[in-house]
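Here the structure is laid out as structure tokens; the discussion comes afterwards.
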Amino acid sequence: MSDAGVLNAVLFLPLLGIAAVLVAPAGNPASFAAWRWSR
Amino acid sequence: MIAQFVLAAWLYARFDSSRAGLQFETRLPWIAQWGVYYQIGLDGYNVLLVMLTAFLGPLVVAGAFSAIAKDEKLFYAMVFAVQFAMLGTFVAQDLFLFYFFWETMLIPMFLLIGIWGGERRIYATIKFVLYTAFGSILMLAAVIYLVWSLQKTTGITSFAFADLVKSRLPLEAQSLLLAAFALSFAIKVPMVPLHTWLPDAHVEAPTTGSVILAGVMLKMGTYGFMKLGFPLFPDATQLYTPVLMALAVLSIVYGACLALVQDDIKKIIAYSSISHLGYVMLGLLSLDLVGIQGAIIQMVSHGLVAGGLFLMVGMIYERCHTRELRAYGGLAKLLPVYSVFFMILTLASVGLPTTSGFTGEFLVLLGAFRAAWPLHTAGDELPLVLAVVAVTGVVLGALYMLRFALGFLYGAPRAPHQPLVDINGREKAILVLIVAAVFALGLFPDEPMGKSELAAKSYRQLVTTSRLPGAKP
């Protein structure tokens with residue numbers, strides 16, 4: 001990925017975060033990490 | 001958030017300080033017939049602020065783990081949304097995109113304060129939105145006029161910052177446009193007398209909201225002045241510099257005086273923010289290279305220190321459920337580890353050498369004096385008087401922060417809901433990272449200053465070059 005691509009990733013990663021917390025069983029990112037780990 | 005920080009740190013390391021202008025640029029048409037582009041990139045103006053935002057992001061989330069019990073999903077979604085909007089505002093290189101992110105930021109922040117805030121959260125969040133939206137509407141009108149006048153004079157329809165700085169406007173138009181932009185940015189900073197929304201928003205916001213506000217969002221105002229407000233309208237800026245400088249110094253002293261008499265620990269830090277950001281404005285207005293770089297360092301320093309202090313207030317509030325300074329005493333005995341971190345951040349806020357607070361404030365004051373001295377010898381006393389008055393802010397800063405620390409940490413031990421448990425591993429990790437960054441910026445300021453040096457030079461050149469119609473390019 002180019003450096004410009006990395007900057008776009010930095011900008012848009014929070015949107016991925018929104019999607020992640022919405023699909024996780026609990027909103028707390030720690031719970032989300034634990035949930036992912038258990039699968 | 002951690003992945004975001006890692007990628008931002010990678011970009012920070014790759015950022016070439018010897019190259020002026022935009023790096024890592026993306027430019028794609030968005031609404032092509034209006035001249036609107038999705039244009040983002042890093043330059044010396046925003047690289048440190050992007051890094052600060054990405055650094056504080058994971059810490060803000062980690063700090064909220066035990067504090068938020070209601071609607072967790074929506075809460076974290078809003079934290080991510082505000083992070084997205086703040087980063088977008090910093091990296092945007094097109095005025096339309098900048099305005100889009102600037103406005104987007106209001107929605108998640110409105111919800112963060114309005115849903116997870118304190119008792120008077122609705123009052124605080126509406127006041128916050130009304131103030132900010134009022135400034136934004138004026139800025140929108142100014143943006144439309146600016147783009148229209150660029151199109152009229154050059155035939156280019158563009159919102160790109162690089163094109164807008166080529167516009168030539170008479171002094172009256174520059175003055176009106178600067179007033180509109182300045183009002184919007186000054187509300188966000190906030191500068192006295194437009195500061196009254198801030199203490200309410202901070203007091204009623206959840207810890208996360210306060211850290212986002214103090215850590216990053218207030219810098220939107222000073223960044224806006226540096227990137228847009230002053231460089232777009234240089235002749236009006238120079239004309240009104242004495243007024244703006246006087247307001248900056250008023251913010252420094254008035255904010256410090258108000259912090260001195262508060263009994264709410266969140267309000268003390270909120271008013272100290274007004275004072276500290278007054279230094280940023282003073283540095284930017286000094287138009288001295290050292291002062292401008294000091295202003296940029298002060299922005300980052302304040303984000304770290306005030307963000308850290310708000311996190312610490314949140315930690316004690318979770319344990320004792322009160323923010324009244326009078327309810328506390330002798331915490332050094334009750335919570336020794338907490339007290340060590342608190343004292344370090346207090347001293348950084350005061351501006352003790354080796355901490356980031358010293359680097360920022362010292363450079364700003366040095367810049368203010370360096371700029372004021374030639375004017376003083378030429379018979380203009382005002383800048384020198386303002387620089388001298390600004391120094392008193394440092395003394396007042398020491399006074400209110402040490403009064404705070406003295407009442408909080410020393411004396412007979414007292415606190416509600418005893419026995420208290422000292423900070424846990426998660427809280428220690430957050431504070432260690434913040435304190436490490438505070439010392440890194442205080443002891444090794446060369447690296448971040450190098451990243452922003454060319455931007456500081458370009459800012460000075462833009463603000464000191466006349467762009468009245470007919471002026472030499």
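Chain labels run A, B, ... following the order of the structure tokens; each chain numbers its residues from 1, and ligands are numbered from 1 in the order shown.
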Interface list for chain B, partner chain A, 8 Å threshold, only C-alpha atoms, as a ChimeraX atom specification
/B:1,4-5,7-8,11,23-26,41,61,65,71-78,80-81,83-84,87-88
Write out as a PDB file with N, CA, C and O atoms, in the first residue's frame which residues come within 9 Å of Gly314 of chain B when counting only C-alpha atoms, dropping same-chain ones fewer than 5 positions away.
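Output saved as part.pdb:
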ATOM      1  N   GLY B  63      -9.711   4.416  28.629  1.00  0.00           N
ATOM      2  CA  GLY B  63     -10.134   5.150  29.823  1.00  0.00           C
ATOM      3  C   GLY B  63     -11.622   5.002  30.093  1.00  0.00           C
ATOM      4  O   GLY B  63     -12.082   5.240  31.212  1.00  0.00           O
ATOM      5  N   ALA B  64     -12.404   4.649  29.059  1.00  0.00           N
ATOM      6  CA  ALA B  64     -13.859   4.589  29.226  1.00  0.00           C
ATOM      7  C   ALA B  64     -14.351   3.200  29.632  1.00  0.00           C
ATOM      8  O   ALA B  64     -15.524   3.038  29.939  1.00  0.00           O
ATOM      9  N   ALA B  67     -16.059   3.209  32.954  1.00  0.00           N
ATOM     10  CA  ALA B  67     -16.908   4.364  33.274  1.00  0.00           C
ATOM     11  C   ALA B  67     -18.264   4.293  32.578  1.00  0.00           C
ATOM     12  O   ALA B  67     -19.234   4.864  33.066  1.00  0.00           O
ATOM     13  N   PRO B 206     -19.048  13.274  29.783  1.00  0.00           N
ATOM     14  CA  PRO B 206     -18.368  12.149  30.433  1.00  0.00           C
ATOM     15  C   PRO B 206     -16.863  12.343  30.250  1.00  0.00           C
ATOM     16  O   PRO B 206     -16.440  13.145  29.412  1.00  0.00           O
ATOM     17  N   THR B 207     -16.053  11.600  31.010  1.00  0.00           N
ATOM     18  CA  THR B 207     -14.593  11.775  30.923  1.00  0.00           C
ATOM     19  C   THR B 207     -14.115  11.703  29.477  1.00  0.00           C
ATOM     20  O   THR B 207     -13.314  12.521  29.036  1.00  0.00           O
ATOM     21  N   THR B 208     -14.632  10.732  28.744  1.00  0.00           N
ATOM     22  CA  THR B 208     -14.237  10.580  27.342  1.00  0.00           C
ATOM     23  C   THR B 208     -14.473  11.866  26.563  1.00  0.00           C
ATOM     24  O   THR B 208     -13.614  12.309  25.796  1.00  0.00           O
ATOM     25  N   LEU B 309      -4.961  15.032  32.458  1.00  0.00           N
ATOM     26  CA  LEU B 309      -5.593  15.499  33.703  1.00  0.00           C
ATOM     27  C   LEU B 309      -7.090  15.168  33.725  1.00  0.00           C
ATOM     28  O   LEU B 309      -7.622  14.766  34.760  1.00  0.00           O
ATOM     29  N   ARG B 319     -14.229   6.667  41.564  1.00  0.00           N
ATOM     30  CA  ARG B 319     -14.051   6.128  42.920  1.00  0.00           C
ATOM     31  C   ARG B 319     -14.847   6.911  43.954  1.00  0.00           C
ATOM     32  O   ARG B 319     -15.353   6.337  44.920  1.00  0.00           O
TER      33      ARG B 319
END
Residue contacts of Gly118 of chain B (10 Å, only C-alpha atoms) excluding same-chain residues fewer than 6 positions away, as a PDB file with C-alpha atoms, in the first residue's frame:
ATOM      1  CA  ALA B 124     -24.541  21.963  28.233  1.00  0.00           C
ATOM      2  CA  ALA B 201     -19.499  21.234  28.242  1.00  0.00           C
ATOM      3  CA  HIS B 202     -16.485  19.944  30.185  1.00  0.00           C
ATOM      4  CA  VAL B 203     -18.282  19.652  33.507  1.00  0.00           C
ATOM      5  CA  GLU B 204     -21.298  17.834  32.058  1.00  0.00           C
ATOM      6  CA  ALA B 205     -19.432  15.682  29.508  1.00  0.00           C
ATOM      7  CA  PRO B 206     -18.368  12.149  30.433  1.00  0.00           C
TER       8      PRO B 206
END
Segment 433-446 of chain B environment, 9 Å, only C-alpha atoms, sequence neighbours closer than 5 positions dropped, as a count of residues only
23
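With only C-alpha atoms as the atoms that count, the residue of B:Ala13, B:Cys257, B:Ile423, B:Leu171 with the shortest distance to Leu239 of chain B is B:Leu171.
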When you count only C-alpha atoms, which of these residues is closest to Phe159 of chain B: B:Leu363, B:Gly303, B:Val192, B:Ala92?
B:Ala92
Closest-contact table, segment 305-374 of chain B side, partner segment 261-284 of chain B, 8 Å, counting only C-alpha atoms, as a Markdown table:
| residue | atom | partner | partner_atom | distance |
| --- | --- | --- | --- | --- |
| B:Ala306 | CA | B:Ile269 | CA | 6.8 |
| B:Leu309 | CA | B:Ile269 | CA | 7.5 |
| B:Phe310 | CA | B:Lys266 | CA | 7.1 |
| B:Val313 | CA | B:Lys266 | CA | 7.0 |
| B:Arg323 | CA | B:Asp264 | CA | 5.4 |
| B:Glu324 | CA | B:Asp264 | CA | 4.8 |
| B:Leu325 | CA | B:Asp263 | CA | 5.2 |
| B:Arg326 | CA | B:Asp263 | CA | 6.9 |
| B:Glu361 | CA | B:Tyr279 | CA | 6.8 |
| B:Val364 | CA | B:Gly283 | CA | 4.8 |
| B:Leu365 | CA | B:Gly283 | CA | 7.4 |
| B:Gly367 | CA | B:Gly283 | CA | 6.5 |
| B:Ala368 | CA | B:Gly283 | CA | 6.4 |
Spatial neighbours of Leu462 of chain B, 8 Å, only C-alpha atoms, chain gap at least 2 places, as an MDAnalysis selection string
chainID B and resid 231:232 234 458:460 464:465
Write down as an NGL selection string the residues belonging to segment 170-393 of chain B that are assigned alpha helix (DSSP H) by DSSP computed on the backbone.
:B and (171-188 or 197-204 or 207-212 or 218-224 or 230-232 or 234-260 or 265-286 or 289-320 or 331-334 or 336-350 or 356-377 or 382-393)
Hey, what's within 9 Å of Pro170 of chain B if we count only C-alpha atoms and toss same-chain stuff fewer than 4 positions away? As a compact mmCIF listing (two decimals) with all heavy atoms, in the first residue's frame, please?
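What landed in result-v4.txt:
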# COMPACT_ATOMS: atom_id res chain seq x y z
N GLN B 174 -11.69 41.32 2.98
CA GLN B 174 -10.83 40.47 3.82
C GLN B 174 -11.23 40.59 5.29
O GLN B 174 -11.27 39.59 6.01
CB GLN B 174 -9.36 40.90 3.67
CG GLN B 174 -8.69 40.36 2.43
CD GLN B 174 -7.16 40.47 2.53
OE1 GLN B 174 -6.58 40.39 3.60
NE2 GLN B 174 -6.53 40.66 1.39
N SER B 175 -11.52 41.81 5.72
CA SER B 175 -11.86 42.03 7.13
C SER B 175 -13.14 41.30 7.51
O SER B 175 -13.22 40.65 8.56
CB SER B 175 -12.03 43.52 7.43
OG SER B 175 -10.84 44.20 7.10
N ASP B 235 -3.87 40.66 4.89
CA ASP B 235 -3.89 42.10 5.15
C ASP B 235 -4.81 42.43 6.33
O ASP B 235 -4.46 43.25 7.18
CB ASP B 235 -4.34 42.84 3.88
CG ASP B 235 -3.42 42.53 2.72
OD1 ASP B 235 -2.35 43.15 2.65
OD2 ASP B 235 -3.74 41.61 1.93
N ARG B 467 -2.12 40.48 -0.15
CA ARG B 467 -2.87 39.94 -1.29
C ARG B 467 -4.05 40.85 -1.63
O ARG B 467 -5.12 40.38 -2.01
CB ARG B 467 -3.30 38.50 -1.00
CG ARG B 467 -2.18 37.51 -1.35
CD ARG B 467 -2.70 36.14 -1.65
NE ARG B 467 -3.52 35.64 -0.57
CZ ARG B 467 -3.03 35.14 0.56
NH1 ARG B 467 -1.73 35.08 0.74
NH2 ARG B 467 -3.82 34.71 1.49
N LEU B 468 -3.79 42.15 -1.50
CA LEU B 468 -4.80 43.11 -1.95
C LEU B 468 -4.78 43.10 -3.47
O LEU B 468 -3.75 42.77 -4.09
CB LEU B 468 -4.44 44.51 -1.44
CG LEU B 468 -4.55 44.72 0.08
CD1 LEU B 468 -3.99 46.07 0.46
CD2 LEU B 468 -6.01 44.62 0.52
N PRO B 469 -5.90 43.46 -4.14
CA PRO B 469 -5.86 43.50 -5.60
C PRO B 469 -4.77 44.45 -6.07
O PRO B 469 -4.64 45.57 -5.56
CB PRO B 469 -7.26 44.04 -5.96
CG PRO B 469 -8.09 43.77 -4.78
CD PRO B 469 -7.20 43.83 -3.59
Contacts of Val47 of chain B at 9 Å (only C-alpha atoms; same-chain gap of 6+ positions) as a ChimeraX atom specification
/B:11-12,15,90-91,451-452
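A straight line drawn from atom CA of Leu194 of chain B to atom CA of Ser251 of chain B is 9.9 Å long.
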One number please: atom CA of Glu103 of chain B to atom CA of His302 of chain B, in Å, one decimal.
23.3 Å
Could you tell me how far atom CA of Arg19 of chain B lies from atom CA of Phe181 of chain B, in Å and to one decimal?
28.8 Å
